[in-house]
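Asks: Here it is: the structure, laid out below.
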Amino acid sequence: MPRDFTKPFTEEELEEAKAIFRTMPTYNDEGYILSKDIGLYNEAVGHERTPKQITSYIQYWDKNFGGKVPFDEMVNILRLMHDTPGTMRGRAAAFDKDGNGFISSDEFVELVQLMVIHDPRLEGTSFEEFVKEADTNHDGKVSIDECGVWIHERFQHLGYTN
């Protein structure tokens with residue numbers, strides 16, 4: 001039976017997921033697997049994904065981690081779905097590459113790329129749509145705080161958060 005990803009991981013589930021991670025063909029002593037094992041790992045832990053999602057995962061890991069998938073990073077991404085708006089603010093801040101406190105259109109593209117991996121229905125979300133939905137103070141920009149709330153609402157809408 002597939003895991004219920006609408007609920008946070010228990011410590012027991014994390015230990016089980018780590019044990020499965022260690023059985024992957026490319027697991028090594030440095031504690032990572034290669035991106036080509038992502039589909040196999042998702043299947044083994046009951047995280048049903050489409051071929052397009054698996055391809056997106058592989059592209060994400062290849063681009064951002066040189067094809068290496070450390071277990072802790074994998075868990076952090078899966079935990080993202082259960083974060084509170086406050087925690088999401090911290091996650092949004094990671095996308096603010098220029099450190100100006102706002103999410104630019106280029107930064108938004110990277111953010112959506114990661115979110116689409118979790119749910120392809122978010123594909124095609126435009127920057128203009130993002131600003132319209134997230135810019136609650138109507139200054140024409142999306143602050144880190146506004147972005148954190150927007151991300152949380154998207155995952156809540158998808159049934160990932162409470």
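Ligands are numbered from 1 in the order shown, chains are lettered A, B, ... in the order of the structure tokens, and residues start at 1 in each chain.
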Near range 43-56 of chain A, counting only C-alpha atoms, which residues have an atom at most 10 Å away, once you skip same-chain residues fewer than 3 positions from it, shown as a PyMOL selection string?
Replies: chain A and resi 1-5+13+16-18+20-21+23-24+35-40+59-62+113-114+116-120
Asks: Limited to N, CA and C atoms, could you put the picked residues into a file as a CSV table (one decimal), in the first residue's frame?
Replies:
```csv
chain,number,residue,atom,x,y,z
A,1,MET,N,0.9,-1.2,0.0
A,1,MET,CA,0.0,0.0,0.0
A,1,MET,C,0.9,1.2,0.0
A,2,PRO,N,0.6,2.2,-0.9
A,2,PRO,CA,1.4,3.4,-0.9
A,2,PRO,C,1.3,4.2,0.4
A,3,ARG,N,2.4,4.9,0.8
A,3,ARG,CA,2.5,5.7,2.0
A,3,ARG,C,1.6,6.9,1.8
A,4,ASP,N,1.0,7.3,3.0
A,4,ASP,CA,0.1,8.5,3.0
A,4,ASP,C,1.0,9.7,3.2
A,5,PHE,N,1.3,10.4,2.1
A,5,PHE,CA,2.2,11.5,2.1
A,5,PHE,C,1.5,12.8,2.6
A,13,GLU,N,9.4,5.6,10.4
A,13,GLU,CA,9.3,5.6,8.9
A,13,GLU,C,10.6,6.2,8.3
A,16,GLU,N,13.1,3.4,8.3
A,16,GLU,CA,12.7,2.4,7.3
A,16,GLU,C,13.1,3.0,5.9
A,17,ALA,N,12.8,4.2,5.6
A,17,ALA,CA,13.2,4.9,4.4
A,17,ALA,C,14.7,4.9,4.2
A,18,LYS,N,15.4,5.1,5.3
A,18,LYS,CA,16.9,5.1,5.2
A,18,LYS,C,17.4,3.7,4.9
A,20,ILE,N,15.8,1.4,3.2
A,20,ILE,CA,15.5,1.2,1.8
A,20,ILE,C,16.5,1.9,0.9
A,21,PHE,N,16.8,3.2,1.3
A,21,PHE,CA,17.8,4.0,0.6
A,21,PHE,C,19.1,3.3,0.4
A,23,THR,N,19.7,0.2,0.2
A,23,THR,CA,19.6,-1.0,-0.7
A,23,THR,C,19.6,-0.6,-2.2
A,24,MET,N,19.6,0.7,-2.5
A,24,MET,CA,19.6,1.1,-3.9
A,24,MET,C,20.9,0.7,-4.6
A,35,SER,N,21.1,9.8,-9.2
A,35,SER,CA,19.8,10.2,-9.6
A,35,SER,C,19.1,9.2,-10.4
A,36,LYS,N,19.8,8.3,-11.1
A,36,LYS,CA,19.2,7.3,-11.9
A,36,LYS,C,18.4,6.3,-11.0
A,37,ASP,N,18.6,6.3,-9.7
A,37,ASP,CA,17.9,5.4,-8.8
A,37,ASP,C,16.6,6.0,-8.2
A,38,ILE,N,16.4,7.2,-8.6
A,38,ILE,CA,15.2,7.9,-8.0
A,38,ILE,C,13.9,7.2,-8.2
A,39,GLY,N,13.6,6.7,-9.4
A,39,GLY,CA,12.4,6.0,-9.7
A,39,GLY,C,12.3,4.8,-8.9
A,40,LEU,N,13.4,4.0,-8.8
A,40,LEU,CA,13.4,2.8,-8.0
A,40,LEU,C,13.2,3.1,-6.5
A,59,GLN,N,16.2,15.3,-13.3
A,59,GLN,CA,16.8,16.6,-13.8
A,59,GLN,C,17.1,17.5,-12.6
A,60,TYR,N,16.2,17.5,-11.6
A,60,TYR,CA,16.5,18.4,-10.5
A,60,TYR,C,17.8,18.0,-9.8
A,61,TRP,N,17.9,16.7,-9.5
A,61,TRP,CA,19.1,16.2,-8.8
A,61,TRP,C,20.4,16.4,-9.6
A,62,ASP,N,20.3,16.2,-10.9
A,62,ASP,CA,21.4,16.3,-11.8
A,62,ASP,C,21.8,17.8,-11.8
A,113,GLN,N,9.9,25.1,-10.5
A,113,GLN,CA,10.5,23.8,-11.0
A,113,GLN,C,10.5,22.8,-9.9
A,114,LEU,N,10.9,23.2,-8.7
A,114,LEU,CA,10.9,22.3,-7.6
A,114,LEU,C,9.5,21.8,-7.2
A,116,VAL,N,6.8,21.7,-9.1
A,116,VAL,CA,6.2,20.8,-10.1
A,116,VAL,C,6.6,19.4,-9.9
A,117,ILE,N,7.8,19.2,-9.4
A,117,ILE,CA,8.3,17.8,-9.2
A,117,ILE,C,7.3,17.1,-8.2
A,118,HIS,N,6.8,17.8,-7.3
A,118,HIS,CA,5.8,17.2,-6.3
A,118,HIS,C,4.4,17.1,-6.9
A,119,ASP,N,4.0,18.0,-7.8
A,119,ASP,CA,2.7,18.0,-8.4
A,119,ASP,C,2.7,18.7,-9.7
A,120,PRO,N,2.7,17.9,-10.8
A,120,PRO,CA,2.7,18.4,-12.1
A,120,PRO,C,1.6,19.4,-12.5
```
Asks: How many Å lie between CA of Glu30 in chain A and CA of Met88 in chain A, rounded to one decimal?
Replies: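 Rounded to one decimal, the two atoms are 29.0 Å apart.
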Asks: Which distance in Å separates CA of Met115 in chain A and CA of Phe155 in chain A, to one decimal?
Replies: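 Separation between CA of Met115 in chain A and CA of Phe155 in chain A: 8.8 Å.
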Asks: Which of range 5-94 of chain A counts as alpha helix (DSSP H) under DSSP, as number ranges by chain please?
Replies: A: 11-21, 38-44, 51-65, 71-79, 85-93
Asks: Using only C-alpha atoms for the distances, tell me which of A:Ala19, A:Val109, A:Val69, A:Ala92 is nearest to Trp150 in chain A.
Replies: A:Ala92
Asks: With a distance cut-off of 10 Å and only C-alpha atoms, select the neighbouring residues of Arg22 in chain A, excluding the residue or stretch itself and same-chain residues fewer than 3 positions from it, and output the selection as an MDAnalysis selection string.
Replies: chainID A and resid 16:19 25:29 31:33 41 71
Asks: Generate a file of the selected residues that holds C-alpha atoms, formatted as a short mmCIF file (atom, residue, chain, number, x, y, z; two decimals), in the first residue's frame.
Replies:
```
data_model
loop_
_atom_site.label_atom_id
_atom_site.label_comp_id
_atom_site.auth_asym_id
_atom_site.auth_seq_id
_atom_site.Cartn_x
_atom_site.Cartn_y
_atom_site.Cartn_z
CA GLU A 16 12.71 2.41 7.25
CA ALA A 17 13.17 4.87 4.37
CA LYS A 18 16.88 5.13 5.17
CA ALA A 19 17.22 1.33 5.22
CA PRO A 25 22.08 -0.16 -6.53
CA THR A 26 24.14 3.06 -6.54
CA TYR A 27 24.23 3.63 -2.75
CA ASN A 28 27.77 4.21 -1.52
CA ASP A 29 29.73 4.81 1.68
CA GLY A 31 25.67 8.25 1.94
CA TYR A 32 24.12 9.08 -1.40
CA ILE A 33 22.61 7.37 -4.41
CA TYR A 41 13.63 4.48 -4.62
CA PHE A 71 19.36 10.87 1.95
#
```
Asks: Write out as a ChimeraX atom specification which residues come within 7 Å of range 89-91 of chain A when counting only C-alpha atoms, dropping same-chain ones fewer than 4 positions away.
Replies: /A:85,144-145,147-148
Asks: Identify, on the basis of only C-alpha atoms, every residue whose closest approach to Thr125 in chain A does not exceed 12 Å; exclude the query and any residue fewer than 2 positions from it along the same chain; express the result as a VMD selection string.
Replies: chain A and resid 105 108 to 113 115 to 116 119 to 123 127 to 133 154
Asks: Please indicate the distance in Å from CA of Glu153 in chain A to CA of Asn137 in chain A, rounded to one decimal place.
Replies: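 Interatomic distance here is 16.8 Å.
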Asks: Please return, as an MDAnalysis selection string, all residues of range 60-153 of chain A that DSSP assigns to strand (DSSP E or B) on the basis of the backbone.
Replies: chainID A and resid 68:70 102 143
Asks: Of the candidates A:Ser143, A:Thr136, A:Ser104, A:Asn76, which one gets nearest to Phe9 in chain A if we count only C-alpha atoms?
Replies: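 Checking each of A:Ser143, A:Thr136, A:Ser104, A:Asn76 against Phe9 in chain A, counting only C-alpha atoms, the winner is A:Asn76.
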Asks: Measuring atom to atom with only C-alpha atoms, identify which of A:Lys68, A:Val149, A:Met74, A:Gly124 is nearest to Ala93 in chain A.
Replies: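 Using only C-alpha atoms, Ala93 in chain A sits closest to A:Val149.
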